[in-house]
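Trainee: One structure, as structure tokens, below. Some questions next.
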Amino acid sequence: MMKLPRACRGVRPPARLAVLIGVAIACCVANEPARAQSQTPAQTPAVAAAPFVSDRLSVQVVGQGPDVILIPGLASSREVWRATADRLKATHRVHLVQLAGFAGEAWTHGDGAFVQPEVEELARYIREAGLNRPAVIGHSMGGLSGLLLAQQQPGLVGRVMTVDSLPFYSALFGPTATAESARPFADQAAAMILGADEAAFRTQQEATSKALSRTPEEQRRIVAWSMASDRHAVASAMKDVMTTDARPGLAAMTTPVTALYAADADGGAPAAMAYAMWGREYAALPGVTLIRVDGSRHFIMADQPARFAELVDAFLAR
């Protein structure tokens, strides 16, 4: 497991999430970019739109019905959502996002910004595909992206579900943490990601995967996905996640938000700690629905698939 930067060792964020600081969560196969189709609000087929072309993300579309966008997390593949998409496609049009630089997807931006350009491209995709206020579900960094998208473009998003995602990741270091105070730690975390050789990086991912999921199959996917990701993309994304604070925009949000969070007495975050953390960090968001999922680590969709499916269905039915 990758060690925390030395300056961080005096703080104790939950082990389930703190291990993310020096490592990538990751991704698998890159899928061919989908060709988005424009439809009327009644979901009747219309003239096909031009293919969406972006150097920040690609989108695969399956199914028909109300639109749902699924955003993976840091270094994760769209395949993390495959079971969800396969289940929803009979009743929904599902847009599976793949972020550039992860899972073998090309990355052309060096050490430049990651999160904000990706959020802007998500907004462009919604406009160009002609989507009518889609539901957005995001895991980890994908949840942060969904929050930022709803804050910056409230007219584009119908509702948001975040999956084990805080509005400010570095709040794990304590309630007084700020984006500025987290910046040196973010730089150190990025340097560790870039500096590890292939063997050391794999060892880090193997250790980290066990903290991120209870499920052996998912642990193996996490490792495989990580090794296929561009390190510069992962490091840039990590720095952005650690220094992006969406909390100041929570109070003004009008988009309905459901926030799922994991608790696991056997190796994950204790329920009381998770409850306190998510309650504190989402306190300013009017009407937020906070739901704890027990017996799960970070990858709730893999560790508690039946419960996760039930919660997604309830979210989409509102």
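Residues are named by chain letter and number: chains run A, B, ... in the order of the structure tokens, numbers start at 1 in each chain, and ligands are numbered from 1 in the order shown.
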Please provide the set of residues having any atom within 12 Å of region 99-106 of chain A, restricted to only C-alpha atoms, with same-chain residues fewer than 4 positions apart removed, written as an mmCIF file with N, CA, C and O atoms, in the first residue's frame.
Mentor:
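Below you can see result16.cif, which holds the result:
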data_model
loop_
_atom_site.group_PDB
_atom_site.id
_atom_site.type_symbol
_atom_site.label_atom_id
_atom_site.label_comp_id
_atom_site.auth_asym_id
_atom_site.auth_seq_id
_atom_site.Cartn_x
_atom_site.Cartn_y
_atom_site.Cartn_z
ATOM 1 N N ALA A 24 -4.215 4.966 -7.533
ATOM 2 C CA ALA A 24 -5.297 5.083 -8.490
ATOM 3 C C ALA A 24 -6.333 4.023 -8.221
ATOM 4 O O ALA A 24 -5.991 2.927 -7.885
ATOM 5 N N ILE A 25 -7.565 4.307 -8.390
ATOM 6 C CA ILE A 25 -8.596 3.263 -8.416
ATOM 7 C C ILE A 25 -8.602 2.745 -9.822
ATOM 8 O O ILE A 25 -8.234 2.943 -10.372
ATOM 9 N N ALA A 26 -9.111 2.684 -10.824
ATOM 10 C CA ALA A 26 -8.552 2.322 -12.060
ATOM 11 C C ALA A 26 -9.564 1.907 -13.068
ATOM 12 O O ALA A 26 -10.702 2.038 -12.823
ATOM 13 N N CYS A 27 -9.045 1.308 -14.134
ATOM 14 C CA CYS A 27 -9.981 1.047 -15.192
ATOM 15 C C CYS A 27 -9.622 -0.090 -16.100
ATOM 16 O O CYS A 27 -8.569 -0.616 -16.034
ATOM 17 N N CYS A 28 -10.557 -0.450 -16.965
ATOM 18 C CA CYS A 28 -10.318 -1.601 -17.810
ATOM 19 C C CYS A 28 -10.316 -1.241 -19.267
ATOM 20 O O CYS A 28 -9.668 -0.302 -19.673
ATOM 21 N N VAL A 29 -11.040 -2.013 -20.077
ATOM 22 C CA VAL A 29 -10.973 -1.852 -21.512
ATOM 23 C C VAL A 29 -11.563 -0.531 -21.947
ATOM 24 O O VAL A 29 -12.542 -0.072 -21.395
ATOM 25 N N ALA A 30 -10.954 0.070 -22.959
ATOM 26 C CA ALA A 30 -11.522 1.293 -23.510
ATOM 27 C C ALA A 30 -12.538 0.891 -24.568
ATOM 28 O O ALA A 30 -12.281 0.043 -25.398
ATOM 29 N N ASN A 31 -13.691 1.492 -24.494
ATOM 30 C CA ASN A 31 -14.738 1.191 -25.452
ATOM 31 C C ASN A 31 -14.776 2.258 -26.542
ATOM 32 O O ASN A 31 -14.419 3.405 -26.326
ATOM 33 N N GLU A 32 -15.231 1.848 -27.715
ATOM 34 C CA GLU A 32 -15.343 2.787 -28.812
ATOM 35 C C GLU A 32 -16.359 3.845 -28.460
ATOM 36 O O GLU A 32 -17.424 3.539 -27.949
ATOM 37 N N PRO A 33 -16.067 5.131 -28.702
ATOM 38 C CA PRO A 33 -17.013 6.185 -28.369
ATOM 39 C C PRO A 33 -18.356 5.941 -29.026
ATOM 40 O O PRO A 33 -18.447 5.567 -30.188
ATOM 41 N N VAL A 53 -17.389 14.098 -30.190
ATOM 42 C CA VAL A 53 -15.939 13.906 -30.230
ATOM 43 C C VAL A 53 -15.311 14.777 -29.151
ATOM 44 O O VAL A 53 -15.561 15.983 -29.085
ATOM 45 N N SER A 54 -14.520 14.160 -28.297
ATOM 46 C CA SER A 54 -13.888 14.884 -27.200
ATOM 47 C C SER A 54 -12.567 14.207 -26.848
ATOM 48 O O SER A 54 -12.450 12.990 -26.931
ATOM 49 N N ASP A 55 -11.592 15.004 -26.444
ATOM 50 C CA ASP A 55 -10.345 14.429 -25.952
ATOM 51 C C ASP A 55 -10.358 14.314 -24.435
ATOM 52 O O ASP A 55 -9.327 14.049 -23.812
ATOM 53 N N ARG A 56 -11.539 14.480 -23.834
ATOM 54 C CA ARG A 56 -11.701 14.364 -22.383
ATOM 55 C C ARG A 56 -12.536 13.160 -21.969
ATOM 56 O O ARG A 56 -12.378 12.643 -20.866
ATOM 57 N N LEU A 57 -13.436 12.733 -22.840
ATOM 58 C CA LEU A 57 -14.300 11.606 -22.487
ATOM 59 C C LEU A 57 -14.949 11.040 -23.734
ATOM 60 O O LEU A 57 -15.024 11.689 -24.774
ATOM 61 N N SER A 58 -15.412 9.807 -23.616
ATOM 62 C CA SER A 58 -16.259 9.196 -24.638
ATOM 63 C C SER A 58 -17.496 8.645 -23.945
ATOM 64 O O SER A 58 -17.516 8.463 -22.725
ATOM 65 N N VAL A 59 -18.543 8.391 -24.720
ATOM 66 C CA VAL A 59 -19.811 7.951 -24.149
ATOM 67 C C VAL A 59 -20.363 6.794 -24.970
ATOM 68 O O VAL A 59 -20.405 6.853 -26.204
ATOM 69 N N GLN A 60 -20.781 5.747 -24.286
ATOM 70 C CA GLN A 60 -21.459 4.613 -24.908
ATOM 71 C C GLN A 60 -22.920 4.661 -24.474
ATOM 72 O O GLN A 60 -23.213 4.811 -23.283
ATOM 73 N N LEU A 70 -24.011 7.817 -16.330
ATOM 74 C CA LEU A 70 -23.230 7.116 -15.315
ATOM 75 C C LEU A 70 -21.764 7.522 -15.454
ATOM 76 O O LEU A 70 -21.152 7.314 -16.502
ATOM 77 N N ILE A 71 -21.202 8.106 -14.388
ATOM 78 C CA ILE A 71 -19.827 8.607 -14.423
ATOM 79 C C ILE A 71 -18.966 7.780 -13.467
ATOM 80 O O ILE A 71 -19.273 7.692 -12.277
ATOM 81 N N PRO A 72 -17.894 7.180 -13.948
ATOM 82 C CA PRO A 72 -17.014 6.404 -13.070
ATOM 83 C C PRO A 72 -16.108 7.309 -12.251
ATOM 84 O O PRO A 72 -16.051 8.523 -12.472
ATOM 85 N N GLY A 73 -15.384 6.714 -11.317
ATOM 86 C CA GLY A 73 -14.520 7.471 -10.426
ATOM 87 C C GLY A 73 -13.084 7.544 -10.899
ATOM 88 O O GLY A 73 -12.752 7.213 -12.047
ATOM 89 N N LEU A 74 -12.214 7.963 -10.005
ATOM 90 C CA LEU A 74 -10.800 8.164 -10.293
ATOM 91 C C LEU A 74 -10.183 6.903 -10.888
ATOM 92 O O LEU A 74 -10.192 5.842 -10.274
ATOM 93 N N ALA A 75 -9.669 7.011 -12.091
ATOM 94 C CA ALA A 75 -9.024 5.923 -12.802
ATOM 95 C C ALA A 75 -9.940 4.744 -13.055
ATOM 96 O O ALA A 75 -9.470 3.662 -13.360
ATOM 97 N N SER A 76 -11.225 4.908 -12.949
ATOM 98 C CA SER A 76 -12.148 3.786 -13.138
ATOM 99 C C SER A 76 -12.702 3.740 -14.540
ATOM 100 O O SER A 76 -12.782 4.748 -15.239
ATOM 101 N N SER A 77 -13.101 2.548 -14.943
ATOM 102 C CA SER A 77 -13.698 2.319 -16.249
ATOM 103 C C SER A 77 -15.205 2.460 -16.208
ATOM 104 O O SER A 77 -15.832 2.287 -15.169
ATOM 105 N N ARG A 78 -15.772 2.721 -17.373
ATOM 106 C CA ARG A 78 -17.232 2.651 -17.487
ATOM 107 C C ARG A 78 -17.741 1.255 -17.149
ATOM 108 O O ARG A 78 -18.910 1.084 -16.790
ATOM 109 N N GLU A 79 -16.879 0.235 -17.222
ATOM 110 C CA GLU A 79 -17.317 -1.125 -16.929
ATOM 111 C C GLU A 79 -17.741 -1.301 -15.473
ATOM 112 O O GLU A 79 -18.434 -2.268 -15.143
ATOM 113 N N VAL A 80 -17.362 -0.385 -14.610
ATOM 114 C CA VAL A 80 -17.827 -0.456 -13.230
ATOM 115 C C VAL A 80 -19.350 -0.333 -13.171
ATOM 116 O O VAL A 80 -19.977 -0.784 -12.213
ATOM 117 N N GLY A 110 -1.000 15.903 -20.527
ATOM 118 C CA GLY A 110 0.149 15.966 -19.643
ATOM 119 C C GLY A 110 -0.247 16.045 -18.183
ATOM 120 O O GLY A 110 -1.028 15.229 -17.691
ATOM 121 N N ASP A 111 0.279 17.056 -17.499
ATOM 122 C CA ASP A 111 -0.027 17.256 -16.081
ATOM 123 C C ASP A 111 -1.049 18.365 -15.880
ATOM 124 O O ASP A 111 -1.145 18.952 -14.797
ATOM 125 N N GLY A 112 -1.830 18.654 -16.911
ATOM 126 C CA GLY A 112 -2.815 19.733 -16.825
ATOM 127 C C GLY A 112 -4.039 19.357 -16.019
ATOM 128 O O GLY A 112 -4.176 18.238 -15.525
ATOM 129 N N PHE A 114 -7.723 18.322 -14.746
ATOM 130 C CA PHE A 114 -8.534 17.159 -15.105
ATOM 131 C C PHE A 114 -10.021 17.398 -14.864
ATOM 132 O O PHE A 114 -10.834 17.286 -15.768
ATOM 133 N N VAL A 115 -10.405 17.709 -13.628
ATOM 134 C CA VAL A 115 -11.818 17.657 -13.248
ATOM 135 C C VAL A 115 -12.648 18.732 -13.937
ATOM 136 O O VAL A 115 -13.687 18.427 -14.544
ATOM 137 N N PRO A 117 -12.200 20.632 -16.719
ATOM 138 C CA PRO A 117 -12.421 20.415 -18.155
ATOM 139 C C PRO A 117 -13.364 19.244 -18.444
ATOM 140 O O PRO A 117 -14.154 19.301 -19.392
ATOM 141 N N GLU A 118 -13.270 18.206 -17.636
ATOM 142 C CA GLU A 118 -14.167 17.053 -17.821
ATOM 143 C C GLU A 118 -15.617 17.444 -17.538
ATOM 144 O O GLU A 118 -16.537 17.048 -18.274
ATOM 145 N N VAL A 119 -15.854 18.244 -16.501
ATOM 146 C CA VAL A 119 -17.208 18.706 -16.185
ATOM 147 C C VAL A 119 -17.760 19.548 -17.336
ATOM 148 O O VAL A 119 -18.928 19.411 -17.722
ATOM 149 N N GLU A 121 -16.977 19.296 -20.468
ATOM 150 C CA GLU A 121 -17.287 18.405 -21.578
ATOM 151 C C GLU A 121 -18.567 17.601 -21.328
ATOM 152 O O GLU A 121 -19.318 17.308 -22.261
ATOM 153 N N LEU A 122 -18.823 17.244 -20.082
ATOM 154 C CA LEU A 122 -20.096 16.591 -19.768
ATOM 155 C C LEU A 122 -21.258 17.517 -20.103
ATOM 156 O O LEU A 122 -22.275 17.072 -20.667
ATOM 157 N N MET A 141 -14.965 10.224 -7.576
ATOM 158 C CA MET A 141 -14.709 11.448 -8.326
ATOM 159 C C MET A 141 -15.845 11.745 -9.291
ATOM 160 O O MET A 141 -16.138 12.913 -9.583
ATOM 161 N N GLY A 142 -16.510 10.702 -9.787
ATOM 162 C CA GLY A 142 -17.661 10.907 -10.665
ATOM 163 C C GLY A 142 -18.813 11.578 -9.939
ATOM 164 O O GLY A 142 -19.572 12.346 -10.539
ATOM 165 N N SER A 145 -17.942 15.184 -9.751
ATOM 166 C CA SER A 145 -18.204 15.766 -11.066
ATOM 167 C C SER A 145 -19.687 16.069 -11.243
ATOM 168 O O SER A 145 -20.056 17.113 -11.790
ATOM 169 N N ARG A 221 -10.410 -6.577 -10.703
ATOM 170 C CA ARG A 221 -10.698 -5.603 -11.748
ATOM 171 C C ARG A 221 -10.044 -4.258 -11.425
ATOM 172 O O ARG A 221 -9.514 -3.592 -12.311
ATOM 173 N N ILE A 222 -10.101 -3.853 -10.176
ATOM 174 C CA ILE A 222 -9.494 -2.588 -9.767
ATOM 175 C C ILE A 222 -8.009 -2.567 -10.108
ATOM 176 O O ILE A 222 -7.488 -1.585 -10.652
ATOM 177 N N VAL A 223 -7.319 -3.662 -9.802
ATOM 178 C CA VAL A 223 -5.877 -3.726 -10.090
ATOM 179 C C VAL A 223 -5.636 -3.673 -11.597
ATOM 180 O O VAL A 223 -4.797 -2.906 -12.085
ATOM 181 N N ALA A 224 -6.370 -4.483 -12.343
ATOM 182 C CA ALA A 224 -6.182 -4.519 -13.792
ATOM 183 C C ALA A 224 -6.467 -3.162 -14.419
ATOM 184 O O ALA A 224 -5.728 -2.695 -15.303
ATOM 185 N N TRP A 225 -7.539 -2.519 -13.971
ATOM 186 C CA TRP A 225 -7.884 -1.204 -14.498
ATOM 187 C C TRP A 225 -6.801 -0.176 -14.191
ATOM 188 O O TRP A 225 -6.463 0.650 -15.019
ATOM 189 N N SER A 226 -6.273 -0.227 -12.967
ATOM 190 C CA SER A 226 -5.247 0.736 -12.568
ATOM 191 C C SER A 226 -4.029 0.655 -13.478
ATOM 192 O O SER A 226 -3.469 1.673 -13.881
ATOM 193 N N MET A 227 -3.602 -0.572 -13.763
ATOM 194 C CA MET A 227 -2.377 -0.744 -14.531
ATOM 195 C C MET A 227 -2.543 -0.271 -15.975
ATOM 196 O O MET A 227 -1.550 -0.009 -16.654
ATOM 197 N N ALA A 228 -3.772 -0.153 -16.441
ATOM 198 C CA ALA A 228 -4.025 0.297 -17.813
ATOM 199 C C ALA A 228 -4.171 1.808 -17.914
ATOM 200 O O ALA A 228 -4.315 2.339 -19.018
ATOM 201 N N SER A 229 -4.147 2.506 -16.780
ATOM 202 C CA SER A 229 -4.379 3.950 -16.776
ATOM 203 C C SER A 229 -3.079 4.731 -16.979
ATOM 204 O O SER A 229 -2.004 4.283 -16.588
ATOM 205 N N ASP A 230 -3.194 5.893 -17.586
ATOM 206 C CA ASP A 230 -2.059 6.792 -17.770
ATOM 207 C C ASP A 230 -1.740 7.455 -16.431
ATOM 208 O O ASP A 230 -2.595 8.091 -15.818
ATOM 209 N N ARG A 231 -0.500 7.313 -15.979
ATOM 210 C CA ARG A 231 -0.130 7.829 -14.661
ATOM 211 C C ARG A 231 -0.284 9.349 -14.566
ATOM 212 O O ARG A 231 -0.622 9.881 -13.516
ATOM 213 N N HIS A 232 -0.010 10.036 -15.655
ATOM 214 C CA HIS A 232 -0.142 11.497 -15.617
ATOM 215 C C HIS A 232 -1.609 11.896 -15.446
ATOM 216 O O HIS A 232 -1.921 12.855 -14.723
ATOM 217 N N ALA A 233 -2.498 11.175 -16.090
ATOM 218 C CA ALA A 233 -3.921 11.453 -15.917
ATOM 219 C C ALA A 233 -4.348 11.175 -14.484
ATOM 220 O O ALA A 233 -5.096 11.961 -13.869
ATOM 221 N N VAL A 234 -3.892 10.052 -13.931
ATOM 222 C CA VAL A 234 -4.255 9.688 -12.561
ATOM 223 C C VAL A 234 -3.728 10.716 -11.570
ATOM 224 O O VAL A 234 -4.432 11.158 -10.666
ATOM 225 N N ALA A 235 -2.476 11.129 -11.755
ATOM 226 C CA ALA A 235 -1.882 12.114 -10.846
ATOM 227 C C ALA A 235 -2.601 13.448 -10.941
ATOM 228 O O ALA A 235 -2.872 14.102 -9.915
ATOM 229 N N SER A 236 -2.926 13.877 -12.150
ATOM 230 C CA SER A 236 -3.640 15.145 -12.319
ATOM 231 C C SER A 236 -5.022 15.078 -11.693
ATOM 232 O O SER A 236 -5.468 16.025 -11.032
ATOM 233 N N ALA A 237 -5.709 13.958 -11.905
ATOM 234 C CA ALA A 237 -7.036 13.804 -11.318
ATOM 235 C C ALA A 237 -6.960 13.797 -9.798
ATOM 236 O O ALA A 237 -7.800 14.412 -9.117
#
Trainee: What lies within 8 Å of region 248-256 of chain A using only C-alpha atoms, ignoring chain neighbours under 3 positions off, as a list of chain:residue names?
Mentor: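 Once the adjacent positions are removed, what remains is A:Ala150, A:Gln151, A:Pro154, A:Val157, A:Gly158, A:Arg159, A:Val160, A:Asp245, A:Tyr282, A:Ala284, A:Leu285, A:Pro286, A:Gly287, A:Val288.
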Trainee: Those same residues - C-alpha atoms - I'd like them written as a PDB file, in the first residue's frame.
Mentor:
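again_6.pdb was written with the following content:
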ATOM      1  CA  ALA A 150     -25.340  20.590 -11.199  1.00  0.00           C
ATOM      2  CA  GLN A 151     -23.851  23.642  -9.481  1.00  0.00           C
ATOM      3  CA  PRO A 154     -28.398  23.638 -12.963  1.00  0.00           C
ATOM      4  CA  VAL A 157     -29.359  18.233 -14.765  1.00  0.00           C
ATOM      5  CA  GLY A 158     -32.565  16.737 -13.387  1.00  0.00           C
ATOM      6  CA  ARG A 159     -31.146  15.005 -10.302  1.00  0.00           C
ATOM      7  CA  VAL A 160     -27.845  13.697  -8.957  1.00  0.00           C
ATOM      8  CA  ASP A 245     -14.071  21.980  -2.704  1.00  0.00           C
ATOM      9  CA  TYR A 282     -23.383  17.578   3.167  1.00  0.00           C
ATOM     10  CA  ALA A 284     -25.319  22.816   3.784  1.00  0.00           C
ATOM     11  CA  LEU A 285     -27.160  21.067   0.925  1.00  0.00           C
ATOM     12  CA  PRO A 286     -30.931  21.705   1.174  1.00  0.00           C
ATOM     13  CA  GLY A 287     -33.028  18.559   1.114  1.00  0.00           C
ATOM     14  CA  VAL A 288     -30.157  16.134   0.543  1.00  0.00           C
TER      15      VAL A 288
END
Trainee: For the strand (DSSP E or B) assignment from backbone DSSP, which residues of region 122-208 of chain A qualify? Please present them as a list in words.
Mentor: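 Residues meeting the strand (DSSP E or B) criterion: Ala135, Val136, Ile137, Gly138, His139, Arg159, Val160, Met161, Thr162 and Val163 of chain A.
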Trainee: Excluding Asp67 (chain A) and any residue of its chain fewer than 3 positions from it, enumerate the residues within 9 Å of it, using only C-alpha atoms, and give them as a list in words.
Mentor: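 Result of the neighbour search: Gln64, His92, Arg93, Val94, His95, Leu131, Asn132, Arg133, Pro134, Ala135 and Val136 of chain A.
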Trainee: Using only N, CA, C and O atoms, please write the residues we just selected to a file, as a PDB file, in the first residue's frame.
Mentor:
ATOM      1  N   GLN A  64     -33.371   2.527 -24.210  1.00  0.00           N
ATOM      2  CA  GLN A  64     -34.297   3.579 -24.589  1.00  0.00           C
ATOM      3  C   GLN A  64     -35.117   3.985 -23.374  1.00  0.00           C
ATOM      4  O   GLN A  64     -35.445   3.153 -22.533  1.00  0.00           O
ATOM      5  N   HIS A  92     -34.537   2.645 -19.554  1.00  0.00           N
ATOM      6  CA  HIS A  92     -33.859   3.927 -19.607  1.00  0.00           C
ATOM      7  C   HIS A  92     -32.843   3.946 -20.749  1.00  0.00           C
ATOM      8  O   HIS A  92     -32.354   2.895 -21.178  1.00  0.00           O
ATOM      9  N   ARG A  93     -32.550   5.144 -21.217  1.00  0.00           N
ATOM     10  CA  ARG A  93     -31.432   5.319 -22.136  1.00  0.00           C
ATOM     11  C   ARG A  93     -30.220   5.676 -21.274  1.00  0.00           C
ATOM     12  O   ARG A  93     -30.187   6.726 -20.636  1.00  0.00           O
ATOM     13  N   VAL A  94     -29.234   4.792 -21.258  1.00  0.00           N
ATOM     14  CA  VAL A  94     -28.112   4.897 -20.338  1.00  0.00           C
ATOM     15  C   VAL A  94     -26.869   5.378 -21.091  1.00  0.00           C
ATOM     16  O   VAL A  94     -26.501   4.814 -22.128  1.00  0.00           O
ATOM     17  N   HIS A  95     -26.224   6.394 -20.547  1.00  0.00           N
ATOM     18  CA  HIS A  95     -25.036   6.995 -21.144  1.00  0.00           C
ATOM     19  C   HIS A  95     -23.846   6.668 -20.249  1.00  0.00           C
ATOM     20  O   HIS A  95     -23.697   7.243 -19.165  1.00  0.00           O
ATOM     21  N   LEU A 131     -30.140  15.988 -24.570  1.00  0.00           N
ATOM     22  CA  LEU A 131     -30.748  15.325 -23.414  1.00  0.00           C
ATOM     23  C   LEU A 131     -31.591  16.312 -22.615  1.00  0.00           C
ATOM     24  O   LEU A 131     -31.217  17.476 -22.448  1.00  0.00           O
ATOM     25  N   ASN A 132     -32.707  15.818 -22.112  1.00  0.00           N
ATOM     26  CA  ASN A 132     -33.651  16.659 -21.374  1.00  0.00           C
ATOM     27  C   ASN A 132     -33.501  16.411 -19.879  1.00  0.00           C
ATOM     28  O   ASN A 132     -34.097  15.501 -19.325  1.00  0.00           O
ATOM     29  N   ARG A 133     -32.648  17.210 -19.211  1.00  0.00           N
ATOM     30  CA  ARG A 133     -32.433  17.144 -17.774  1.00  0.00           C
ATOM     31  C   ARG A 133     -32.245  15.702 -17.290  1.00  0.00           C
ATOM     32  O   ARG A 133     -33.041  15.157 -16.524  1.00  0.00           O
ATOM     33  N   PRO A 134     -31.195  15.050 -17.736  1.00  0.00           N
ATOM     34  CA  PRO A 134     -30.960  13.656 -17.353  1.00  0.00           C
ATOM     35  C   PRO A 134     -30.643  13.505 -15.878  1.00  0.00           C
ATOM     36  O   PRO A 134     -30.168  14.444 -15.215  1.00  0.00           O
ATOM     37  N   ALA A 135     -30.882  12.312 -15.350  1.00  0.00           N
ATOM     38  CA  ALA A 135     -30.375  11.934 -14.041  1.00  0.00           C
ATOM     39  C   ALA A 135     -28.891  11.641 -14.190  1.00  0.00           C
ATOM     40  O   ALA A 135     -28.448  11.096 -15.207  1.00  0.00           O
ATOM     41  N   VAL A 136     -28.108  12.008 -13.188  1.00  0.00           N
ATOM     42  CA  VAL A 136     -26.664  11.784 -13.207  1.00  0.00           C
ATOM     43  C   VAL A 136     -26.282  10.985 -11.965  1.00  0.00           C
ATOM     44  O   VAL A 136     -26.626  11.368 -10.845  1.00  0.00           O
TER      45      VAL A 136
END
Trainee: From the list A:Ala123, A:Ala265, A:Val62, A:Met161, which residue is nearest Ser140 (chain A) when using only C-alpha atoms?
Mentor: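 Going through A:Ala123, A:Ala265, A:Val62, A:Met161 one by one, the smallest distance to Ser140 (chain A) is for A:Met161.
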